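Have a look at data17.pdb; it's PDB, C-alpha atoms:
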ATOM      1  CA  MET A   1      52.384  -3.406  43.490
ATOM      2  CA  ALA A   2      50.921  -6.279  41.537
ATOM      3  CA  LEU A   3      48.411  -5.622  38.788
ATOM      4  CA  LYS A   4      44.899  -5.176  40.058
ATOM      5  CA  VAL A   5      42.381  -7.911  39.390
ATOM      6  CA  LYS A   6      39.082  -6.725  37.944
ATOM      7  CA  CYS A   7      36.241  -8.092  40.033
ATOM      8  CA  GLY A   8      32.575  -8.084  39.036
ATOM      9  CA  ILE A   9      29.881  -8.309  41.665
ATOM     10  CA  VAL A  10      26.565  -9.325  40.149
ATOM     11  CA  VAL A  11      23.572  -7.444  41.515
ATOM     12  CA  PHE A  12      20.171  -9.129  41.416
ATOM     13  CA  PRO A  13      16.910  -7.639  42.645
ATOM     14  CA  GLY A  14      17.117  -8.530  46.328
ATOM     15  CA  SER A  15      20.906  -8.834  46.651
ATOM     16  CA  ASN A  16      21.997  -7.299  49.937
ATOM     17  CA  CYS A  17      25.641  -8.307  50.431
ATOM     18  CA  ASP A  18      26.863  -6.827  47.151
ATOM     19  CA  HIS A  19      28.240  -3.669  48.748
ATOM     20  CA  ASP A  20      30.012  -5.609  51.497
ATOM     21  CA  VAL A  21      31.853  -7.702  48.898
ATOM     22  CA  TYR A  22      32.626  -4.590  46.841
ATOM     23  CA  TYR A  23      34.012  -2.829  49.913
ATOM     24  CA  VAL A  24      36.338  -5.695  50.863
ATOM     25  CA  LEU A  25      37.622  -6.237  47.312
ATOM     26  CA  LYS A  26      38.046  -2.550  46.508
ATOM     27  CA  ARG A  27      38.889  -0.838  49.793
ATOM     28  CA  VAL A  28      40.441  -3.563  51.904
ATOM     29  CA  LEU A  29      42.226  -5.504  49.155
ATOM     30  CA  GLY A  30      42.779  -2.625  46.734
ATOM     31  CA  GLN A  31      41.427  -4.391  43.644
ATOM     32  CA  GLU A  32      39.324  -2.986  40.818
ATOM     33  CA  ALA A  33      35.661  -3.738  41.458
ATOM     34  CA  VAL A  34      32.496  -3.090  39.461
ATOM     35  CA  PHE A  35      28.841  -3.953  39.911
ATOM     36  CA  LEU A  36      27.228  -5.972  37.128
ATOM     37  CA  TRP A  37      23.435  -5.708  36.841
ATOM     38  CA  HIS A  38      21.852  -9.127  36.344
ATOM     39  CA  GLN A  39      20.163  -8.030  33.095
ATOM     40  CA  GLU A  40      23.528  -7.412  31.467
ATOM     41  CA  THR A  41      25.011 -10.040  29.187
ATOM     42  CA  SER A  42      28.701  -9.121  29.460
ATOM     43  CA  LEU A  43      31.059  -9.604  32.388
ATOM     44  CA  GLN A  44      33.116  -6.590  31.212
ATOM     45  CA  GLU A  45      36.266  -8.703  31.220
ATOM     46  CA  CYS A  46      36.167  -9.291  34.948
ATOM     47  CA  GLU A  47      38.522 -12.042  36.092
ATOM     48  CA  LEU A  48      36.643 -12.768  39.294
ATOM     49  CA  VAL A  49      32.843 -12.908  39.320
ATOM     50  CA  VAL A  50      31.100 -12.864  42.694
ATOM     51  CA  LEU A  51      27.471 -13.851  43.149
ATOM     52  CA  PRO A  52      26.679 -12.175  46.472
ATOM     53  CA  GLY A  53      24.318 -13.008  49.294
ATOM     54  CA  GLY A  54      20.815 -11.697  49.705
ATOM     55  CA  PHE A  55      17.294 -12.677  48.761
ATOM     56  CA  SER A  56      17.272 -12.518  44.980
ATOM     57  CA  TYR A  57      13.683 -12.428  43.714
ATOM     58  CA  GLY A  58      12.470 -12.702  47.294
ATOM     59  CA  ASP A  59      13.553 -16.371  47.353
ATOM     60  CA  TYR A  60      10.505 -17.112  45.181
ATOM     61  CA  LEU A  61      10.078 -20.749  44.106
ATOM     62  CA  ARG A  62      13.411 -21.920  45.589
ATOM     63  CA  ALA A  63      16.260 -19.737  46.827
ATOM     64  CA  GLY A  64      18.446 -18.825  43.846
ATOM     65  CA  SER A  65      16.225 -20.526  41.273
ATOM     66  CA  MET A  66      15.048 -17.384  39.497
ATOM     67  CA  ALA A  67      18.461 -15.700  39.559
ATOM     68  CA  ALA A  68      20.003 -18.848  38.062
ATOM     69  CA  HIS A  69      18.148 -17.995  34.848
ATOM     70  CA  SER A  70      18.979 -14.278  34.747
ATOM     71  CA  PRO A  71      20.473 -13.013  31.467
ATOM     72  CA  ILE A  72      23.974 -12.582  32.929
ATOM     73  CA  MET A  73      24.143 -16.211  34.021
ATOM     74  CA  ALA A  74      24.916 -17.368  30.471
ATOM     75  CA  ALA A  75      28.084 -15.272  30.589
ATOM     76  CA  VAL A  76      28.876 -16.516  34.099
ATOM     77  CA  ARG A  77      28.524 -20.096  32.835
ATOM     78  CA  ARG A  78      30.884 -19.454  29.907
ATOM     79  CA  HIS A  79      33.372 -17.790  32.263
ATOM     80  CA  ALA A  80      33.249 -20.770  34.641
ATOM     81  CA  GLU A  81      33.605 -23.302  31.840
ATOM     82  CA  ALA A  82      36.636 -21.430  30.506
ATOM     83  CA  GLY A  83      38.345 -21.768  33.899
ATOM     84  CA  GLY A  84      37.443 -18.294  35.163
ATOM     85  CA  ARG A  85      36.859 -17.618  38.841
ATOM     86  CA  VAL A  86      33.327 -17.650  40.158
ATOM     87  CA  LEU A  87      32.602 -17.273  43.858
ATOM     88  CA  GLY A  88      29.070 -17.716  45.194
ATOM     89  CA  ILE A  89      28.351 -16.662  48.757
ATOM     90  CA  CYS A  90      25.147 -17.731  50.519
ATOM     91  CA  ASN A  91      22.389 -16.831  48.030
ATOM     92  CA  GLY A  92      25.124 -16.866  45.377
ATOM     93  CA  PHE A  93      25.947 -20.475  46.340
ATOM     94  CA  GLN A  94      22.257 -21.336  46.006
ATOM     95  CA  MET A  95      22.295 -19.791  42.509
ATOM     96  CA  LEU A  96      25.332 -21.859  41.478
ATOM     97  CA  LEU A  97      23.512 -25.021  42.596
ATOM     98  CA  GLU A  98      20.313 -24.059  40.786
ATOM     99  CA  ALA A  99      22.312 -23.187  37.669
ATOM    100  CA  GLY A 100      24.042 -26.581  37.802
ATOM    101  CA  LEU A 101      27.493 -24.991  38.043
ATOM    102  CA  LEU A 102      27.997 -26.804  41.339
ATOM    103  CA  PRO A 103      26.491 -30.156  42.364
ATOM    104  CA  GLY A 104      23.770 -30.584  44.971
ATOM    105  CA  ALA A 105      20.757 -28.656  46.198
ATOM    106  CA  MET A 106      19.497 -26.803  49.259
ATOM    107  CA  ARG A 107      16.562 -27.606  51.519
ATOM    108  CA  ARG A 108      15.085 -25.523  54.326
ATOM    109  CA  ASN A 109      17.227 -25.565  57.462
ATOM    110  CA  ARG A 110      16.563 -28.605  59.619
ATOM    111  CA  ASN A 111      14.902 -26.490  62.323
ATOM    112  CA  LEU A 112      12.967 -24.410  59.739
ATOM    113  CA  ARG A 113      14.461 -21.253  61.214
ATOM    114  CA  PHE A 114      16.479 -18.482  59.671
ATOM    115  CA  LEU A 115      19.937 -18.919  61.233
ATOM    116  CA  SER A 116      22.049 -15.822  61.858
ATOM    117  CA  VAL A 117      24.979 -16.890  63.979
ATOM    118  CA  ASP A 118      28.754 -17.397  63.932
ATOM    119  CA  VAL A 119      29.826 -20.950  63.093
ATOM    120  CA  HIS A 120      33.111 -22.820  62.898
ATOM    121  CA  LEU A 121      34.383 -24.137  59.603
ATOM    122  CA  ARG A 122      37.183 -26.553  58.839
ATOM    123  CA  VAL A 123      39.305 -26.015  55.737
ATOM    124  CA  GLU A 124      39.302 -29.353  53.891
ATOM    125  CA  ARG A 125      41.709 -28.399  51.122
ATOM    126  CA  ASN A 126      43.978 -25.423  50.622
ATOM    127  CA  ASP A 127      45.164 -25.912  47.049
ATOM    128  CA  LEU A 128      42.371 -23.770  45.577
ATOM    129  CA  VAL A 129      43.027 -20.091  44.997
ATOM    130  CA  TYR A 130      40.208 -19.349  47.451
ATOM    131  CA  SER A 131      41.628 -21.429  50.287
ATOM    132  CA  SER A 132      45.340 -20.944  49.636
ATOM    133  CA  GLY A 133      45.639 -18.471  52.502
ATOM    134  CA  TYR A 134      44.676 -21.145  55.009
ATOM    135  CA  ARG A 135      46.196 -24.417  56.106
ATOM    136  CA  ARG A 136      44.350 -27.655  55.683
ATOM    137  CA  GLY A 137      42.523 -28.379  58.939
ATOM    138  CA  ASP A 138      42.380 -24.721  59.990
ATOM    139  CA  VAL A 139      39.254 -23.891  61.968
ATOM    140  CA  LEU A 140      37.715 -20.565  60.948
ATOM    141  CA  CYS A 141      34.927 -18.574  62.513
ATOM    142  CA  MET A 142      32.426 -17.067  60.065
ATOM    143  CA  PRO A 143      28.845 -15.831  60.246
ATOM    144  CA  ILE A 144      25.985 -17.618  58.506
ATOM    145  CA  ALA A 145      22.640 -15.964  57.734
ATOM    146  CA  HIS A 146      20.247 -18.179  55.824
ATOM    147  CA  ALA A 147      17.020 -20.166  55.922
ATOM    148  CA  GLU A 148      17.894 -22.611  53.145
ATOM    149  CA  GLY A 149      21.402 -23.893  53.726
ATOM    150  CA  ASN A 150      20.643 -27.551  54.325
ATOM    151  CA  TYR A 151      22.891 -29.046  51.642
ATOM    152  CA  VAL A 152      21.709 -32.294  50.108
ATOM    153  CA  ASP A 153      22.471 -34.678  47.280
ATOM    154  CA  SER A 154      22.146 -38.414  46.721
ATOM    155  CA  ASP A 155      24.515 -40.647  48.712
ATOM    156  CA  GLU A 156      26.242 -41.725  45.495
ATOM    157  CA  ALA A 157      26.718 -38.106  44.414
ATOM    158  CA  LEU A 158      28.058 -37.194  47.865
ATOM    159  CA  ASP A 159      30.510 -40.110  47.760
ATOM    160  CA  GLU A 160      31.756 -38.902  44.387
ATOM    161  CA  LEU A 161      31.996 -35.325  45.708
ATOM    162  CA  GLU A 162      34.176 -36.526  48.592
ATOM    163  CA  ARG A 163      36.314 -38.734  46.330
ATOM    164  CA  ALA A 164      36.971 -35.809  44.007
ATOM    165  CA  GLY A 165      37.866 -33.571  46.949
ATOM    166  CA  GLN A 166      35.140 -31.071  46.148
ATOM    167  CA  VAL A 167      34.174 -30.464  49.780
ATOM    168  CA  VAL A 168      36.144 -27.338  50.680
ATOM    169  CA  PHE A 169      34.555 -26.299  53.988
ATOM    170  CA  ARG A 170      32.716 -28.300  56.642
ATOM    171  CA  TYR A 171      30.778 -27.156  59.717
ATOM    172  CA  VAL A 172      32.669 -28.280  62.818
ATOM    173  CA  ASP A 173      32.829 -27.499  66.520
ATOM    174  CA  ALA A 174      35.443 -25.130  67.958
ATOM    175  CA  ASP A 175      37.935 -28.004  68.163
ATOM    176  CA  GLY A 176      37.573 -28.780  64.480
ATOM    177  CA  SER A 177      35.548 -31.968  64.886
ATOM    178  CA  VAL A 178      32.456 -32.776  62.853
ATOM    179  CA  ALA A 179      29.485 -32.943  65.233
ATOM    180  CA  ALA A 180      25.724 -32.922  64.751
ATOM    181  CA  ALA A 181      25.397 -30.020  67.197
ATOM    182  CA  ALA A 182      27.785 -27.930  65.085
ATOM    183  CA  ASN A 183      25.859 -28.644  61.882
ATOM    184  CA  LEU A 184      23.014 -26.237  62.574
ATOM    185  CA  ASN A 185      21.242 -26.322  59.225
ATOM    186  CA  GLY A 186      21.376 -30.113  58.892
ATOM    187  CA  SER A 187      23.608 -30.259  55.799
ATOM    188  CA  LYS A 188      24.547 -33.727  54.601
ATOM    189  CA  ARG A 189      28.042 -34.579  55.829
ATOM    190  CA  SER A 190      28.264 -31.112  57.430
ATOM    191  CA  ILE A 191      29.052 -29.576  54.047
ATOM    192  CA  ALA A 192      29.376 -25.774  54.139
ATOM    193  CA  GLY A 193      31.177 -25.129  50.853
ATOM    194  CA  VAL A 194      31.942 -27.028  47.639
ATOM    195  CA  CYS A 195      33.909 -26.403  44.468
ATOM    196  CA  ASN A 196      33.535 -27.691  40.925
ATOM    197  CA  GLY A 197      35.817 -30.410  39.576
ATOM    198  CA  ASP A 198      38.386 -27.903  38.335
ATOM    199  CA  GLY A 199      38.408 -25.836  41.529
ATOM    200  CA  ASN A 200      37.736 -22.500  39.830
ATOM    201  CA  VAL A 201      34.112 -22.253  41.013
ATOM    202  CA  LEU A 202      33.450 -22.117  44.760
ATOM    203  CA  GLY A 203      30.191 -21.799  46.657
ATOM    204  CA  LEU A 204      29.769 -21.501  50.407
ATOM    205  CA  MET A 205      26.979 -20.543  52.787
ATOM    206  CA  PRO A 206      29.070 -18.593  55.360
ATOM    207  CA  HIS A 207      29.907 -14.955  54.679
ATOM    208  CA  PRO A 208      33.667 -14.247  54.406
ATOM    209  CA  GLU A 209      32.938 -10.624  53.432
ATOM    210  CA  ARG A 210      31.344 -10.038  56.839
ATOM    211  CA  CYS A 211      34.485 -11.058  58.715
ATOM    212  CA  ALA A 212      37.283  -9.522  56.699
ATOM    213  CA  GLU A 213      38.676  -6.895  59.049
ATOM    214  CA  ASP A 214      40.152  -7.362  62.517
ATOM    215  CA  LEU A 215      38.806  -3.935  63.359
ATOM    216  CA  LEU A 216      35.298  -5.375  63.102
ATOM    217  CA  GLY A 217      36.133  -8.223  65.437
ATOM    218  CA  ASN A 218      36.951 -11.036  63.040
ATOM    219  CA  GLY A 219      39.293 -11.198  60.076
ATOM    220  CA  ASP A 220      38.993 -14.900  59.289
ATOM    221  CA  GLY A 221      37.266 -14.333  55.947
ATOM    222  CA  LEU A 222      39.810 -11.955  54.451
ATOM    223  CA  ALA A 223      42.183 -14.682  53.270
ATOM    224  CA  LEU A 224      39.410 -16.249  51.198
ATOM    225  CA  LEU A 225      38.739 -13.057  49.258
ATOM    226  CA  ALA A 226      42.467 -12.279  49.064
ATOM    227  CA  GLY A 227      42.998 -15.746  47.615
ATOM    228  CA  ALA A 228      40.220 -15.165  45.084
ATOM    229  CA  VAL A 229      42.198 -12.253  43.598
ATOM    230  CA  GLN A 230      45.685 -13.737  43.766
ATOM    231  CA  ALA A 231      47.682 -14.255  40.561
ATOM    232  CA  GLY A 232      47.794 -17.514  38.645
ATOM    233  CA  GLY A 233      45.380 -20.003  37.139
ATOM    234  CA  ALA A 234      42.376 -21.037  39.145
ATOM    235  CA  ARG A 235      42.033 -24.551  37.749
ATOM    236  CA  VAL A 236      43.554 -27.174  40.009
ATOM    237  CA  GLY A 237      41.496 -30.329  39.451
ATOM    238  CA  ARG A 238      41.216 -33.135  41.970
ATOM    239  CA  LEU A 239      42.558 -32.796  45.459
ATOM    240  CA  ALA A 240      46.188 -33.842  45.524
ATOM    241  CA  ALA A 241      46.845 -36.472  48.177
ATOM    242  CA  ALA A 242      49.813 -34.559  49.570
ATOM    243  CA  ALA A 243      48.178 -31.127  49.542
ATOM    244  CA  GLY A 244      47.901 -29.206  52.739
ATOM    245  CA  GLY A 245      50.293 -28.529  55.546
TER
ATOM    246  CA  MET B   1     -11.369 -24.544  30.913
ATOM    247  CA  THR B   2      -9.698 -23.183  27.815
ATOM    248  CA  ARG B   3     -11.474 -23.968  24.556
ATOM    249  CA  ASN B   4      -9.791 -21.718  22.009
ATOM    250  CA  GLY B   5      -8.187 -24.484  19.988
ATOM    251  CA  ASN B   6      -4.584 -24.291  21.124
ATOM    252  CA  GLY B   7      -4.950 -23.478  24.796
ATOM    253  CA  TYR B   8      -4.034 -26.047  27.406
ATOM    254  CA  VAL B   9      -4.238 -25.893  31.178
ATOM    255  CA  VAL B  10      -2.295 -28.216  33.427
ATOM    256  CA  ARG B  11      -1.635 -28.489  37.124
ATOM    257  CA  VAL B  12       1.929 -29.274  38.117
ATOM    258  CA  LEU B  13       2.471 -30.833  41.548
ATOM    259  CA  VAL B  14       5.939 -30.666  43.070
ATOM    260  CA  TYR B  15       6.878 -32.636  46.177
ATOM    261  CA  PRO B  16      10.119 -33.290  48.022
ATOM    262  CA  ARG B  17      11.461 -36.668  46.950
ATOM    263  CA  ALA B  18      10.609 -39.498  49.318
ATOM    264  CA  GLU B  19      14.220 -40.046  50.382
ATOM    265  CA  VAL B  20      14.892 -36.356  51.008
ATOM    266  CA  LEU B  21      14.264 -34.908  54.459
ATOM    267  CA  ASP B  22      11.250 -32.584  54.279
ATOM    268  CA  PRO B  23      11.618 -30.341  57.351
ATOM    269  CA  GLN B  24       8.392 -28.495  56.578
ATOM    270  CA  GLY B  25       6.329 -31.673  56.206
ATOM    271  CA  ARG B  26       7.862 -33.029  59.409
ATOM    272  CA  ALA B  27       6.912 -29.882  61.333
ATOM    273  CA  ILE B  28       3.306 -30.032  60.067
ATOM    274  CA  GLU B  29       3.204 -33.734  60.975
ATOM    275  CA  ASP B  30       4.276 -32.889  64.535
ATOM    276  CA  ALA B  31       1.730 -30.083  64.780
ATOM    277  CA  LEU B  32      -1.088 -32.371  63.642
ATOM    278  CA  GLY B  33      -0.036 -34.873  66.292
ATOM    279  CA  ARG B  34      -0.117 -32.162  68.933
ATOM    280  CA  ILE B  35      -3.704 -31.191  68.110
ATOM    281  CA  GLY B  36      -4.882 -34.777  68.302
ATOM    282  CA  PHE B  37      -4.615 -36.323  64.820
ATOM    283  CA  ASP B  38      -2.876 -39.460  65.989
ATOM    284  CA  GLY B  39      -3.440 -41.394  62.779
ATOM    285  CA  VAL B  40      -1.348 -39.140  60.554
ATOM    286  CA  GLU B  41       1.613 -41.155  59.314
ATOM    287  CA  ARG B  42       3.273 -38.751  56.963
ATOM    288  CA  ILE B  43       2.908 -35.258  55.536
ATOM    289  CA  ARG B  44       4.763 -34.089  52.504
ATOM    290  CA  ALA B  45       4.614 -30.353  51.917
ATOM    291  CA  GLY B  46       4.699 -29.472  48.240
ATOM    292  CA  LYS B  47       3.732 -26.815  45.750
ATOM    293  CA  THR B  48       1.221 -26.618  42.923
ATOM    294  CA  PHE B  49       1.340 -24.530  39.773
ATOM    295  CA  GLU B  50      -1.497 -23.987  37.354
ATOM    296  CA  VAL B  51       0.003 -23.466  33.922
ATOM    297  CA  SER B  52      -2.024 -22.124  30.983
ATOM    298  CA  LEU B  53      -0.171 -22.260  27.713
ATOM    299  CA  ASN B  54      -0.669 -22.182  23.983
ATOM    300  CA  ALA B  55       0.840 -24.891  21.830
ATOM    301  CA  ALA B  56       0.285 -26.389  18.383
ATOM    302  CA  SER B  57      -0.713 -29.735  19.833
ATOM    303  CA  ARG B  58      -1.124 -31.538  23.106
ATOM    304  CA  ALA B  59       2.115 -33.389  22.452
ATOM    305  CA  GLU B  60       3.944 -30.108  22.045
ATOM    306  CA  ALA B  61       2.337 -28.707  25.177
ATOM    307  CA  SER B  62       3.290 -31.839  27.081
ATOM    308  CA  GLU B  63       6.876 -31.575  25.924
ATOM    309  CA  ALA B  64       7.048 -27.919  26.980
ATOM    310  CA  ILE B  65       5.586 -28.736  30.405
ATOM    311  CA  GLU B  66       8.161 -31.480  30.944
ATOM    312  CA  ARG B  67      10.967 -29.101  30.092
ATOM    313  CA  MET B  68       9.708 -26.287  32.331
ATOM    314  CA  CYS B  69       9.379 -28.747  35.201
ATOM    315  CA  ARG B  70      12.929 -29.980  34.801
ATOM    316  CA  GLN B  71      14.461 -26.557  34.209
ATOM    317  CA  LEU B  72      12.618 -24.400  36.724
ATOM    318  CA  LEU B  73       9.437 -25.558  38.452
ATOM    319  CA  ALA B  74      11.123 -28.480  40.204
ATOM    320  CA  ASN B  75      14.693 -29.190  41.243
ATOM    321  CA  PRO B  76      15.123 -32.860  40.264
ATOM    322  CA  ILE B  77      17.818 -33.385  42.913
ATOM    323  CA  VAL B  78      15.355 -32.887  45.743
ATOM    324  CA  GLU B  79      11.887 -32.808  44.163
ATOM    325  CA  ASP B  80       9.583 -35.006  42.091
ATOM    326  CA  TYR B  81       6.846 -33.558  39.911
ATOM    327  CA  SER B  82       3.673 -34.821  38.330
ATOM    328  CA  VAL B  83       1.326 -33.259  35.820
ATOM    329  CA  GLU B  84      -2.490 -33.274  35.769
ATOM    330  CA  TRP B  85      -4.288 -32.104  32.646
ATOM    331  CA  LEU B  86      -7.142 -29.763  33.451
ATOM    332  CA  SER B  87      -8.112 -29.180  29.826
ATOM    333  CA  ARG B  88      -8.926 -31.888  27.259
TER
END
Mind turning this structure into structure tokens?
Amino acid sequence: MALKVKCGIVVFPGSNCDHDVYYVLKRVLGQEAVFLWHQETSLQECELVVLPGGFSYGDYLRAGSMAAHSPIMAAVRRHAEAGGRVLGICNGFQMLLEAGLLPGAMRRNRNLRFLSVDVHLRVERNDLVYSSGYRRGDVLCMPIAHAEGNYVDSDEALDELERAGQVVFRYVDADGSVAAAANLNGSKRSIAGVCNGDGNVLGLMPHPERCAEDLLGNGDGLALLAGAVQAGGARVGRLAAAAGG
Amino acid sequence: MTRNGNGYVVRVLVYPRAEVLDPQGRAIEDALGRIGFDGVERIRAGKTFEVSLNAASRAEASEAIERMCRQLLANPIVEDYSVEWLSR
């Protein structure tokens, strides 16, 4: 069996998906997993750092804004800048935006409601470690559970994001087509997940850890977490024109 | 009002930027229309912070306020901020 990857799941006051991520990485995928308290300053040599979902600091000020300045975030930033893997799910995605590790920002959902529902996602690129278990254009089903997932940035910044291939997942209908009715939170350009320029940092609003076992009715998210712990470098850079299949 | 030499008090106002959809403001706008305020053209829902701080000078206080707005109180991608001095 391949060497285990050490995974660190950062726990903030108010995190509530930390154990789900731990369970999938440790029990389902057989990796080494540890919890990292947000007041710590070391990542304990973890190769993959996960910022989990939840309501860190009660979503005070803006979702993820307080957690983005927690002591451990300096180490997370160094890890990301050195090409290390950082995966932010839901509240963790919001933290990565507030910390400036990913571009853009979140607004309240278009309908002002907390949305807890299964959505369809289209895989826009599969050359990242996180999306390597999918094919480009695959339509996945994953749950969302958030009140602030309405992704926004300036039109110029969004154009640049698209040009650089940093949109990894988009909300679509069951047929894989972008449609306003399938974009429940109102995100600009139906964006559900983005990566940094190097591809080693990924943030997404849907919860892959909640759909990682067929036994529980949906295994679509397992490949994402399995990809996050696969061997090899995580830096890939811009989307290659011929990528996919 | 703080009068201990180096104390300053400011009010920071944070609003969604004009070009950014403000779902909360839009909902309040609709509600005002429903209860008969036909003349309301636009509502922007924002936040205010009253900040009391000590600094060597007003210039230093002002510089600190600017930095805290950019780093935490407002998210410049979606929000604008303004500062009102309540002391001196």
### Interface, chain A side, toward chain B (10 Å; all atoms listed in the file) as a ChimeraX atom specification
/A:61-62,65-66,68-69,97-99,103-112,150,152-154,186
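The smallest atom-to-atom distance between Ser187 in chain A and any of A:Ser15, A:Asn218, A:Asp173, A:Tyr151, using only C-alpha atoms, is found for A:Tyr151.
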### Query
Between CA of Val49 in chain A and CA of Asn183 in chain A, what is the distance, to one decimal in Å?
28.4 Å
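Residue nearest Pro71 in chain A, chosen from A:Val11, A:Gly83, A:Leu128, A:Val119 and counting only C-alpha atoms: A:Val11.
Across A:Gly64, A:Gly176, A:Gly58, A:Gly88, the tightest approach to Pro208 in chain A is made by A:Gly88 when counting only C-alpha atoms.
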#### Entry: Nearest candidate to Arg17 in chain B (options B:Glu84, B:Glu63, B:Asp30, B:Glu79; using only C-alpha atoms)
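Between B:Glu84, B:Glu63, B:Asp30, B:Glu79, the residue approaching Arg17 in chain B most closely is B:Glu79.
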### Task
Check what the PyMOL selection byres ((chain A and resi 161) around 12) selects in the file above and give those residues as a PyMOL selection string.
chain A and resi 102-104+152-160+162-168+188-189+191+193-197+238-239
Please write the residues from the selection above to a file, keeping C-alpha atoms, as a PDB file, keeping the file's coordinate frame.
ATOM      1  CA  LEU A 102      27.997 -26.804  41.339  1.00  0.00           C
ATOM      2  CA  PRO A 103      26.491 -30.156  42.364  1.00  0.00           C
ATOM      3  CA  GLY A 104      23.770 -30.584  44.971  1.00  0.00           C
ATOM      4  CA  VAL A 152      21.709 -32.294  50.108  1.00  0.00           C
ATOM      5  CA  ASP A 153      22.471 -34.678  47.280  1.00  0.00           C
ATOM      6  CA  SER A 154      22.146 -38.414  46.721  1.00  0.00           C
ATOM      7  CA  ASP A 155      24.515 -40.647  48.712  1.00  0.00           C
ATOM      8  CA  GLU A 156      26.242 -41.725  45.495  1.00  0.00           C
ATOM      9  CA  ALA A 157      26.718 -38.106  44.414  1.00  0.00           C
ATOM     10  CA  LEU A 158      28.058 -37.194  47.865  1.00  0.00           C
ATOM     11  CA  ASP A 159      30.510 -40.110  47.760  1.00  0.00           C
ATOM     12  CA  GLU A 160      31.756 -38.902  44.387  1.00  0.00           C
ATOM     13  CA  GLU A 162      34.176 -36.526  48.592  1.00  0.00           C
ATOM     14  CA  ARG A 163      36.314 -38.734  46.330  1.00  0.00           C
ATOM     15  CA  ALA A 164      36.971 -35.809  44.007  1.00  0.00           C
ATOM     16  CA  GLY A 165      37.866 -33.571  46.949  1.00  0.00           C
ATOM     17  CA  GLN A 166      35.140 -31.071  46.148  1.00  0.00           C
ATOM     18  CA  VAL A 167      34.174 -30.464  49.780  1.00  0.00           C
ATOM     19  CA  VAL A 168      36.144 -27.338  50.680  1.00  0.00           C
ATOM     20  CA  LYS A 188      24.547 -33.727  54.601  1.00  0.00           C
ATOM     21  CA  ARG A 189      28.042 -34.579  55.829  1.00  0.00           C
ATOM     22  CA  ILE A 191      29.052 -29.576  54.047  1.00  0.00           C
ATOM     23  CA  GLY A 193      31.177 -25.129  50.853  1.00  0.00           C
ATOM     24  CA  VAL A 194      31.942 -27.028  47.639  1.00  0.00           C
ATOM     25  CA  CYS A 195      33.909 -26.403  44.468  1.00  0.00           C
ATOM     26  CA  ASN A 196      33.535 -27.691  40.925  1.00  0.00           C
ATOM     27  CA  GLY A 197      35.817 -30.410  39.576  1.00  0.00           C
ATOM     28  CA  ARG A 238      41.216 -33.135  41.970  1.00  0.00           C
ATOM     29  CA  LEU A 239      42.558 -32.796  45.459  1.00  0.00           C
TER      30      LEU A 239
END
Padding 6 Å on each side, edges along x, y and z: where is the centre of the box around the listed atoms of range 56-66 of chain B, and how long are its edges in Å to one decimal? Output it as lines of an AutoDock Vina configuration file.
center_x = 3.5
center_y = -29.9
center_z = 24.7
size_x = 21.3
size_y = 19.0
size_z = 24.6
### Query
For the file shown, what are the residues hit by the PyMOL selection byres ((chain B and resi 41) around 12), laid out as an MDAnalysis selection string?
chainID B and resid 25:26 28:30 32:33 37:40 42:44
Rebuild range 4-14 of chain A to N, CA and C atoms - output it as an mmCIF file, in the coordinates of the input, please.
data_model
loop_
_atom_site.group_PDB
_atom_site.id
_atom_site.type_symbol
_atom_site.label_atom_id
_atom_site.label_comp_id
_atom_site.auth_asym_id
_atom_site.auth_seq_id
_atom_site.Cartn_x
_atom_site.Cartn_y
_atom_site.Cartn_z
ATOM 1 N N LYS A 4 46.188 -4.964 39.409
ATOM 2 C CA LYS A 4 44.899 -5.176 40.058
ATOM 3 C C LYS A 4 44.081 -6.202 39.278
ATOM 4 N N VAL A 5 43.303 -6.966 40.012
ATOM 5 C CA VAL A 5 42.381 -7.911 39.390
ATOM 6 C C VAL A 5 41.025 -7.226 39.288
ATOM 7 N N LYS A 6 40.409 -7.333 38.098
ATOM 8 C CA LYS A 6 39.082 -6.725 37.944
ATOM 9 C C LYS A 6 38.020 -7.703 38.446
ATOM 10 N N CYS A 7 37.250 -7.240 39.395
ATOM 11 C CA CYS A 7 36.241 -8.092 40.033
ATOM 12 C C CYS A 7 34.844 -7.577 39.701
ATOM 13 N N GLY A 8 33.955 -8.462 39.325
ATOM 14 C CA GLY A 8 32.575 -8.084 39.036
ATOM 15 C C GLY A 8 31.642 -8.683 40.072
ATOM 16 N N ILE A 9 30.845 -7.835 40.679
ATOM 17 C CA ILE A 9 29.881 -8.309 41.665
ATOM 18 C C ILE A 9 28.494 -8.198 41.029
ATOM 19 N N VAL A 10 27.847 -9.332 40.847
ATOM 20 C CA VAL A 10 26.565 -9.325 40.149
ATOM 21 C C VAL A 10 25.465 -8.901 41.120
ATOM 22 N N VAL A 11 24.662 -7.951 40.676
ATOM 23 C CA VAL A 11 23.572 -7.444 41.515
ATOM 24 C C VAL A 11 22.240 -7.931 40.955
ATOM 25 N N PHE A 12 21.506 -8.646 41.774
ATOM 26 C CA PHE A 12 20.171 -9.129 41.416
ATOM 27 C C PHE A 12 19.155 -8.324 42.224
ATOM 28 N N PRO A 13 17.905 -8.281 41.780
ATOM 29 C CA PRO A 13 16.910 -7.639 42.645
ATOM 30 C C PRO A 13 16.810 -8.434 43.943
ATOM 31 N N GLY A 14 17.150 -7.816 45.048
ATOM 32 C CA GLY A 14 17.117 -8.530 46.328
ATOM 33 C C GLY A 14 18.485 -8.878 46.880
#
